[in-house]
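In what follows, a structure is listed as structure tokens, so that the remarks can point back to it.
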Amino acid sequence: MPSFLQIENISKSYGTKVLFDHIGFNINEGDKIALIAPNGTGKTSLLRILAGKDKSDSGGKITFLREVRIAFLEQDYAFDPEKSIFDQILSGSAALRRDMDEDHRFQHELRVRQLLSGFGFSDFSQPMKRLSGGEVKRVALTEMLATDAEFFIMDEPTNHLDIDAIEFLEGYLGRARCTLLMVTHDRYFLDHVCNTVMELDHGQLFLYRGGYQSFLEKRQERIDNYNAETDRIRNVLRRELEWMRSTPCARTGKAKYRKDAFYSLKDRAQQVYRSEKVDMGRLSEGSRLGSKVIDCRDVSFHYGGKCYLDHFTYNFQRYERVGIVGGNGVGKTTFINLLAGALDPEDPGTLTGTIERGESLRIGYYRQSGMQFDPEQTVLETVGDTGLLSRFLFPHEMLSNRIAKLSGGERRRLYLLTVLMKDPNLLILDEPTNDLDIVTLGILEEYLAAFKGSLIIVSHDRHFLDRLVDHLLVFTGDGAVKDFLGDYSQYRQYMLDVAAQKKAQERAEKPRTAAVRESRQPERRKMTFKEKREFEQLEAELAELGAEKARLEAELSSGTLPYDRLQAASERIGILTSLLDEKELRWLELSELA
């Protein structure tokens with residue numbers, strides 16, 4: 001594929017911390033790249049530089065080989081709270097398309113409606129100020145996709161989305177003919193969308209073609225080769241050290257180039273790559289848990305006129321691992337607040353039924369919005385155990401850093417540590433994967449897999465759920481909860497099978513329904529005057545629509561259309577196909593009366 005974007009000699013530092021230094025790389029047209037790195041190492045900074053929102057410290061060059069539209073999805077989406085969903089998207093997405101004529105504007109608005117429907121919206125007139133965080137993220141994604149940009153730059157696109165929205169976005173980007181660069185921690189999403197992984201490691205970039213598992217294997221191979229080269233250099237260094245230590249008198253006459261080479265070898269010999277791992281040690285043990293965990297009997301909960309839980313009965317078991325899934329706003333966080341006894345005391349809502357907790361129960365509750373750090377405190381002042389901090393990837397040089405200077409992911413990691421160090425025997429985790437990098441996620445999974453206690457996890461990360469839970473509570477809305485024994489992938493396959501069976505049943509019933517309807521019709525009536533006019537009009541419309549579709553299909557086959565016209569033509573053909581199907585069905589109905 002032709003080169004699409006060339007990046008040369010860009011750098012970024014914050015104070016004494018160097019994120020990346022004089023790096024360069026190419027992106028080819030059609031590449032779909034996932035950028036992976038630990039939190040705080042410069043992923044967002046790199047995206048912002050490429051999107052023109054920030055500048056490289058070293059100047060450098062960012063060269064697009066042709067004029068392209070760029071759409072940038074930042075983690076924080078700026079919007080007008082008074083605007084409706086539809087108006088907010090139109091005002092943002094149309095900014096890149098000021099050249100639209102009336103016909104293109106109609107197509108653009110139709111596309112916005114299709115995307116909003118795909119993301120699960122039905123009322124486009126809602127004001128932005130009434131939306132939840134997940135709904136705002138879906139609006140931001142719709143605005144980005146509606147630009148029809150050739151290059152998408154996305155920073156954590158799946159954060160705060162429910163699984164249905166993630167799977168819609170996944171399908172859309174997997175099919176789209178676009179170039180994209182994104183930061184994501186969702187490994188299933190990465191595998192289904194991306195064809196390349198770019199790793200930012202110790203200020204350098206490494207590219208790996210393939211998915212996440214291929215990245216892990218090739219990355220380990222790179223590390224092994226690097227360390228093997230270090231061993232070889234150390235052997236050379238020993239010989240050079242003997243030479244340098246030869247008689248002091250002779251040393252002054254040694255070749256300068258060889259002495260310089262010795263010091264370079266010495267520096268390189270000290271560089272051994274060690275994959276950082278969190279050593280959980282005693283943290284994975286948990287305190288002793290009795291036979292009773294949490295028993296719920298006929299629990300209902302209403303808040304603000306809405307039912308979040310309707311006559312729910314369930315006894316959570318010792319060492320059980322439960323995943324909680326469902327769309328945004330159906331009550332998942334409310335439910336685990338009920339389990340943990342963490343409802344707002346000033347506005348608790350209406351609770352009926354009983355929730356009983358075991359006497360030996362010690363809950364560790366990781367909340368989405370639970371971080372309440374003093375920004376002026378240091379890392380060490382927040383968690384006074386240097387050993388634990390080290391095992392949680394906070395090296396000695398970071399201990400004096402103030403909380404205000406930590407990245408979002410580093411704060412999440414510190415918060416997670418404060419929860420785990422309380423020695424809980426039941427962990428309730430509300431979206432623990434948000435803002436954590438892939439490296440930390442893998443480490444967290446290892447810990448939770450070894451945790452000797454009960455787990456209740458709310459998450460949209462399918463890989464995370466598949467790895468850790470063996471049972472699901474599925475929130476379907478209006479307080480209803482379905483119980484499913486299995487992980488998320490098994491549940492998803494079950495739902496697909498149910499949908500396929502339902503469609504097959506509907507297809508099988510159609511001929512019988514038609515036959516019954518026909519048998520009940522004593523005699524065929526004749527077409528009315530109004531139906532005759534409709535029949536004639538349909539014939540004319542079908543001919544016109546068919547001709548338009550044929551013309552567009554010929555243009556598509558020519559291979560000469562620019563991208564924007566190609567996209568518009570493809571969308572118009574989809575609309576024409578639907579219209580033709582609808583009108584042909586009506587024409588057939590009327591033709592039986594002719």
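Ligands are numbered from 1 in the order shown, chains are lettered A, B, ... in the order of the structure tokens, and residues start at 1 in each chain.
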
Per residue of segment 103-204 of chain A within 12 Å of segment 572-578 of chain A, record the nearest atom pair and its distance in Å to one decimal, counting only C-alpha atoms, with rows in chain order and ascending residue number, as a Markdown table.
| residue | atom | partner | partner_atom | distance |
| --- | --- | --- | --- | --- |
| A:Asp103 | CA | A:Arg572 | CA | 10.9 |
| A:His104 | CA | A:Arg572 | CA | 10.5 |
| A:Phe106 | CA | A:Arg572 | CA | 10.9 |
| A:Gln107 | CA | A:Arg572 | CA | 7.9 |
| A:His108 | CA | A:Arg572 | CA | 11.0 |
| A:Leu110 | CA | A:Ile575 | CA | 9.8 |
| A:Arg111 | CA | A:Arg572 | CA | 10.2 |
| A:Gln114 | CA | A:Ile575 | CA | 11.1 |

Review point. Which polymer residues have any atom within 12 Å of an atom of segment 205-217 of chain A, counting only C-alpha atoms, with same-chain residues fewer than 5 positions away left out, as an MDAnalysis selection string?
Key: chainID A and resid 7 10:11 19:27 31:37 41:43 46 184:200 222:224 275 438:439 442 463

Per DSSP on the backbone, filter segment 10-234 of chain A down to the residues in alpha helix (DSSP H) and report them as a ChimeraX atom specification. /A:43-50,85-93,102-118,133-146,163-175,187-193,212-234

Serialized selection, C-alpha atoms, as an mmCIF file, in the first residue's frame:
data_model
loop_
_atom_site.group_PDB
_atom_site.id
_atom_site.type_symbol
_atom_site.label_atom_id
_atom_site.label_comp_id
_atom_site.auth_asym_id
_atom_site.auth_seq_id
_atom_site.Cartn_x
_atom_site.Cartn_y
_atom_site.Cartn_z
ATOM 1 C CA LYS A 43 0.625 7.823 23.938
ATOM 2 C CA THR A 44 -1.832 10.730 24.182
ATOM 3 C CA SER A 45 0.944 13.268 23.561
ATOM 4 C CA LEU A 46 1.905 11.493 20.332
ATOM 5 C CA LEU A 47 -1.713 11.410 19.135
ATOM 6 C CA ARG A 48 -2.168 15.104 19.893
ATOM 7 C CA ILE A 49 0.952 16.016 17.909
ATOM 8 C CA LEU A 50 -0.245 14.033 14.880
ATOM 9 C CA ILE A 85 -27.812 15.374 20.287
ATOM 10 C CA PHE A 86 -28.538 15.847 16.590
ATOM 11 C CA ASP A 87 -27.580 19.536 16.473
ATOM 12 C CA GLN A 88 -24.403 18.912 18.470
ATOM 13 C CA ILE A 89 -23.243 16.280 15.988
ATOM 14 C CA LEU A 90 -24.167 18.333 12.933
ATOM 15 C CA SER A 91 -22.302 21.387 14.229
ATOM 16 C CA GLY A 92 -19.177 19.326 14.902
ATOM 17 C CA SER A 93 -19.106 16.855 12.008
ATOM 18 C CA GLU A 102 -27.932 20.618 -0.369
ATOM 19 C CA ASP A 103 -27.906 17.042 -1.656
ATOM 20 C CA HIS A 104 -24.732 16.179 0.259
ATOM 21 C CA ARG A 105 -26.127 17.816 3.387
ATOM 22 C CA PHE A 106 -29.201 15.595 3.152
ATOM 23 C CA GLN A 107 -26.960 12.535 2.786
ATOM 24 C CA HIS A 108 -24.862 13.723 5.733
ATOM 25 C CA GLU A 109 -27.895 14.120 7.999
ATOM 26 C CA LEU A 110 -29.164 10.704 6.953
ATOM 27 C CA ARG A 111 -25.760 9.223 7.812
ATOM 28 C CA VAL A 112 -25.830 10.862 11.260
ATOM 29 C CA ARG A 113 -29.248 9.314 11.915
ATOM 30 C CA GLN A 114 -28.009 5.880 10.832
ATOM 31 C CA LEU A 115 -24.969 6.106 13.095
ATOM 32 C CA LEU A 116 -27.013 7.289 16.068
ATOM 33 C CA SER A 117 -29.420 4.398 15.574
ATOM 34 C CA GLY A 118 -26.481 2.011 15.372
ATOM 35 C CA GLY A 133 -20.975 9.568 30.342
ATOM 36 C CA GLY A 134 -21.409 6.545 28.070
ATOM 37 C CA GLU A 135 -24.039 8.338 25.996
ATOM 38 C CA VAL A 136 -21.781 11.385 25.583
ATOM 39 C CA LYS A 137 -19.017 9.060 24.345
ATOM 40 C CA ARG A 138 -21.393 7.606 21.742
ATOM 41 C CA VAL A 139 -22.275 11.118 20.557
ATOM 42 C CA ALA A 140 -18.566 11.952 20.265
ATOM 43 C CA LEU A 141 -17.963 8.804 18.202
ATOM 44 C CA THR A 142 -20.931 9.559 15.942
ATOM 45 C CA GLU A 143 -19.611 13.069 15.334
ATOM 46 C CA MET A 144 -16.183 11.682 14.451
ATOM 47 C CA LEU A 145 -17.468 8.955 12.119
ATOM 48 C CA ALA A 146 -19.930 11.322 10.402
ATOM 49 C CA ILE A 163 -20.640 -3.874 25.016
ATOM 50 C CA ASP A 164 -23.361 -3.392 22.369
ATOM 51 C CA ALA A 165 -21.899 0.010 21.430
ATOM 52 C CA ILE A 166 -18.367 -1.451 21.342
ATOM 53 C CA GLU A 167 -19.472 -4.223 19.012
ATOM 54 C CA PHE A 168 -21.239 -1.746 16.699
ATOM 55 C CA LEU A 169 -18.106 0.440 16.543
ATOM 56 C CA GLU A 170 -15.964 -2.639 16.068
ATOM 57 C CA GLY A 171 -18.025 -3.786 13.096
ATOM 58 C CA TYR A 172 -18.092 -0.321 11.555
ATOM 59 C CA LEU A 173 -14.334 0.280 11.766
ATOM 60 C CA GLY A 174 -13.556 -3.284 10.715
ATOM 61 C CA ARG A 175 -15.462 -2.718 7.452
ATOM 62 C CA ARG A 187 -7.854 -6.602 23.257
ATOM 63 C CA TYR A 188 -10.842 -8.113 21.418
ATOM 64 C CA PHE A 189 -11.541 -4.722 19.839
ATOM 65 C CA LEU A 190 -7.888 -4.461 18.828
ATOM 66 C CA ASP A 191 -7.904 -7.900 17.198
ATOM 67 C CA HIS A 192 -11.152 -7.300 15.281
ATOM 68 C CA VAL A 193 -10.247 -3.819 14.003
ATOM 69 C CA TYR A 212 -2.525 -8.764 19.914
ATOM 70 C CA GLN A 213 -1.272 -12.335 20.396
ATOM 71 C CA SER A 214 1.176 -11.910 17.520
ATOM 72 C CA PHE A 215 2.362 -8.669 19.150
ATOM 73 C CA LEU A 216 3.032 -10.452 22.453
ATOM 74 C CA GLU A 217 5.051 -13.173 20.749
ATOM 75 C CA LYS A 218 7.093 -10.812 18.551
ATOM 76 C CA ARG A 219 7.655 -8.399 21.425
ATOM 77 C CA GLN A 220 9.076 -11.175 23.594
ATOM 78 C CA GLU A 221 11.295 -12.236 20.695
ATOM 79 C CA ARG A 222 12.577 -8.653 20.401
ATOM 80 C CA ILE A 223 13.305 -8.493 24.134
ATOM 81 C CA ASP A 224 15.104 -11.853 24.086
ATOM 82 C CA ASN A 225 17.238 -10.739 21.134
ATOM 83 C CA TYR A 226 18.044 -7.442 22.854
ATOM 84 C CA ASN A 227 19.138 -9.189 26.041
ATOM 85 C CA ALA A 228 21.161 -11.751 24.054
ATOM 86 C CA GLU A 229 22.941 -8.862 22.357
ATOM 87 C CA THR A 230 23.600 -7.364 25.799
ATOM 88 C CA ASP A 231 25.245 -10.643 26.895
ATOM 89 C CA ARG A 232 27.445 -10.627 23.796
ATOM 90 C CA ILE A 233 28.480 -7.019 24.454
ATOM 91 C CA ARG A 234 29.362 -7.893 28.035
#

* What does the distance from atom CA of Glu584 of chain A to atom CA of Ala550 of chain A come to in Å, to one decimal? ->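 These atoms are spaced 16.3 Å apart.
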
Correct to one decimal, the distance atom CA of Glu589 of chain A-atom CA of Glu544 of chain A is 19.8 Å

| What is the atom CA of Phe394 of chain A-atom CA of Ser407 of chain A distance in Å, reported with one decimal? |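 Separating atom CA of Phe394 of chain A from atom CA of Ser407 of chain A is a distance of 12.4 Å.
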
Excluding Val379 of chain A and any residue of its chain fewer than 6 positions from it, enumerate the residues within 8 Å of it, using only C-alpha atoms, and give them as an mmCIF file with C-alpha atoms, in the first residue's frame.
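Okay, out05.cif is ready:
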data_model
loop_
_atom_site.group_PDB
_atom_site.id
_atom_site.type_symbol
_atom_site.label_atom_id
_atom_site.label_comp_id
_atom_site.auth_asym_id
_atom_site.auth_seq_id
_atom_site.Cartn_x
_atom_site.Cartn_y
_atom_site.Cartn_z
ATOM 1 C CA MET A 398 8.226 8.384 41.241
ATOM 2 C CA LEU A 399 7.567 8.243 44.986
ATOM 3 C CA SER A 400 8.103 11.967 45.463
ATOM 4 C CA ASN A 401 5.807 12.867 42.535
ATOM 5 C CA ARG A 402 2.651 14.705 43.525
ATOM 6 C CA ILE A 403 -0.685 13.125 42.629
#

field: Spatial neighbours of segment 307-316 of chain A, max dist 7 Å, only C-alpha atoms, sep filter under 5 positions, as a ChimeraX atom specification
entry: /A:293-302,330-331,478-480

Store the residues picked out above, limited to C-alpha atoms, as a short mmCIF file (atom, residue, chain, number, x, y, z; two decimals), in the first residue's frame.
data_model
loop_
_atom_site.label_atom_id
_atom_site.label_comp_id
_atom_site.auth_asym_id
_atom_site.auth_seq_id
_atom_site.Cartn_x
_atom_site.Cartn_y
_atom_site.Cartn_z
CA VAL A 293 -21.30 -13.58 51.32
CA ILE A 294 -24.31 -11.45 50.26
CA ASP A 295 -27.90 -12.73 50.19
CA CYS A 296 -30.51 -10.73 48.25
CA ARG A 297 -34.19 -11.52 48.76
CA ASP A 298 -36.96 -9.90 46.67
CA VAL A 299 -34.95 -6.69 46.30
CA SER A 300 -36.48 -3.80 44.35
CA PHE A 301 -35.01 -0.33 43.92
CA HIS A 302 -36.57 2.79 42.43
CA VAL A 330 -29.68 0.21 33.14
CA GLY A 331 -28.52 0.22 36.77
CA ASP A 478 -36.58 -1.79 33.73
CA GLY A 479 -35.07 -3.68 36.65
CA ALA A 480 -34.97 -7.07 34.90
#

Note to self: List as a ChimeraX atom specification the protein and nucleic acid residues near Leu73 of chain A, meaning an atom at most 7 Å away when only C-alpha atoms are counted, but skip any in the same chain fewer than 6 places from it.
What the structure shows: /A:144,153-155

Residues of the last selection are to be written out with N, CA and C atoms, as a PDB file, in the first residue's frame.
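Dumped to again11.pdb:
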ATOM      1  N   MET A 144     -17.438  11.998  15.129  1.00  0.00           N
ATOM      2  CA  MET A 144     -16.183  11.682  14.451  1.00  0.00           C
ATOM      3  C   MET A 144     -16.429  10.877  13.177  1.00  0.00           C
ATOM      4  N   ILE A 153      -7.973   9.434  14.257  1.00  0.00           N
ATOM      5  CA  ILE A 153      -7.056   9.318  15.390  1.00  0.00           C
ATOM      6  C   ILE A 153      -7.920   9.241  16.638  1.00  0.00           C
ATOM      7  N   MET A 154      -7.810   8.144  17.397  1.00  0.00           N
ATOM      8  CA  MET A 154      -8.742   7.904  18.498  1.00  0.00           C
ATOM      9  C   MET A 154      -7.987   7.548  19.773  1.00  0.00           C
ATOM     10  N   ASP A 155      -8.346   8.239  20.841  1.00  0.00           N
ATOM     11  CA  ASP A 155      -7.737   7.994  22.154  1.00  0.00           C
ATOM     12  C   ASP A 155      -8.762   7.275  23.033  1.00  0.00           C
TER      13      ASP A 155
END

(request) Can you work out which one of A:Leu580, A:Thr334, A:Thr179, A:Leu448 has the shortest atom-to-atom distance to Ala547 of chain A, counting only C-alpha atoms? (result)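 Under the stated criterion, the closest residue is A:Leu580.
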